[in-house]
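Engineer: One structure, as structure tokens, below. Some questions next.
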Amino acid sequence: MIHTFIQQIYMNQPLAYQKHDYQKLLNEIEKDAMSSQVYCLLKKYGKLEEIPLDMRNRLEQIYKKIVFQNLIIKKEKDDVLKALTEFGIAAIVLKGTSFAERYYGHIGARPTSDIDVLLKPDDLAKAKEIVISMGFNVENEPIEGHFHVTFSKYMPGSIAPLMVELHWNILRSNTSVLNIEEFWAASTPEKNNPYIRNLDPQHEFYMICLHGWRHNLDAAKYFLDIIQMCEIMRVD
């Protein structure tokens, strides 16, 4: 049902479900943690008035929580990037609040719970020192063949810790032959900071597909990311 519902939103078709069907939809949306994505899409396509008031209020309630949470994460992300820049470390931000703003048009349109940063292997040791100095604790040491190390820090008023993942790749080296240097070569620097770079659209699209694949594409939210990139990039 959720796939038909999403298709109807994008194709701007009328939404006409029975009340119990809307409840099923809401349950599935919340189970897949995509309330803010759906809310923003309904708002973008002018369809909020087509769903029941209680469903609309519930989606908006969760959306507002995501906005608040993502604003905090964005602040922490900016602090991490500033610290890396001060040491001349190049970095590419993966997914997160940057992805939400770029492809959904709003910082609260897509939930996130961590900060993913792609670094060059030679900069990893210094970057680890930097995030530890900012109050993050090592969650796990690098696993052989893996592609990132994780740090965490509890934020005031938060139940779950904020995670920082320092990546040197986006796939396990023992399961792929991906050349991460191609991602770096095609990336572009931000206007005011040459150390902070953005993936080019083609590599970002590939990365977001891989992100969903690593989660077995087991939730509609992963498809939404892919669809939304196609919409913004005008990909057929």
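Scheme for the structure tokens: letters A, B, ... for chains in order shown; per-chain residue numbers from 1; ligand numbers from 1 in order shown.
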Would you pick out the contacts of Ser133 of chain A at 12 Å or less, using only C-alpha atoms, so that residues sharing its chain but fewer than 4 positions from it are not included, and give the list as a list in words?
Structural biologist: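 Answer for this query is Asp79, Val80, Ala83, Leu84, Lys126, Ala127, Lys128, Glu129, Asn137, Val138, Phe151 and Lys153 of chain A.
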Engineer: If you count only C-alpha atoms, which residues fall within 10 Å of segment 230-234 of chain A, apart from same-chain ones fewer than 4 positions away, as a list in words?
Structural biologist: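 In the requested format, the answer is Tyr10, Arg102, Tyr103, Tyr104, Gly105, Pro201, Gln202, Phe205, Leu224, Asp225 and Ile226 of chain A.
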Engineer: Would you list the contacts of Cys209 of chain A as number ranges by chain, taking every protein, DNA or RNA residue within 12 Å and counting only C-alpha atoms, but skipping same-chain residues closer than 6 positions in sequence?
Structural biologist: A: 95, 170-171, 202-203, 215-217, 221-230
Engineer: From the options A:Asn192, A:Gln13, A:Thr150, A:Asn169, which residue's atoms come nearest to Lys120 of chain A, counting only C-alpha atoms?
Structural biologist: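 Ranking A:Asn192, A:Gln13, A:Thr150, A:Asn169 by distance to Lys120 of chain A, first place goes to A:Asn169.
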Engineer: Counting only C-alpha atoms, what is within 12 Å of Glu190 of chain A, bar same-chain residues fewer than 5 positions away, as number ranges by chain?
Structural biologist: A: 81, 90-93, 195-200
Engineer: Got a sec: who's within 8 Å of Ile107 of chain A, counting only C-alpha atoms, leaving out chain neighbours fewer than 4 positions off, as number ranges by chain?
Structural biologist: A: 67, 70-71, 97-98, 100-101
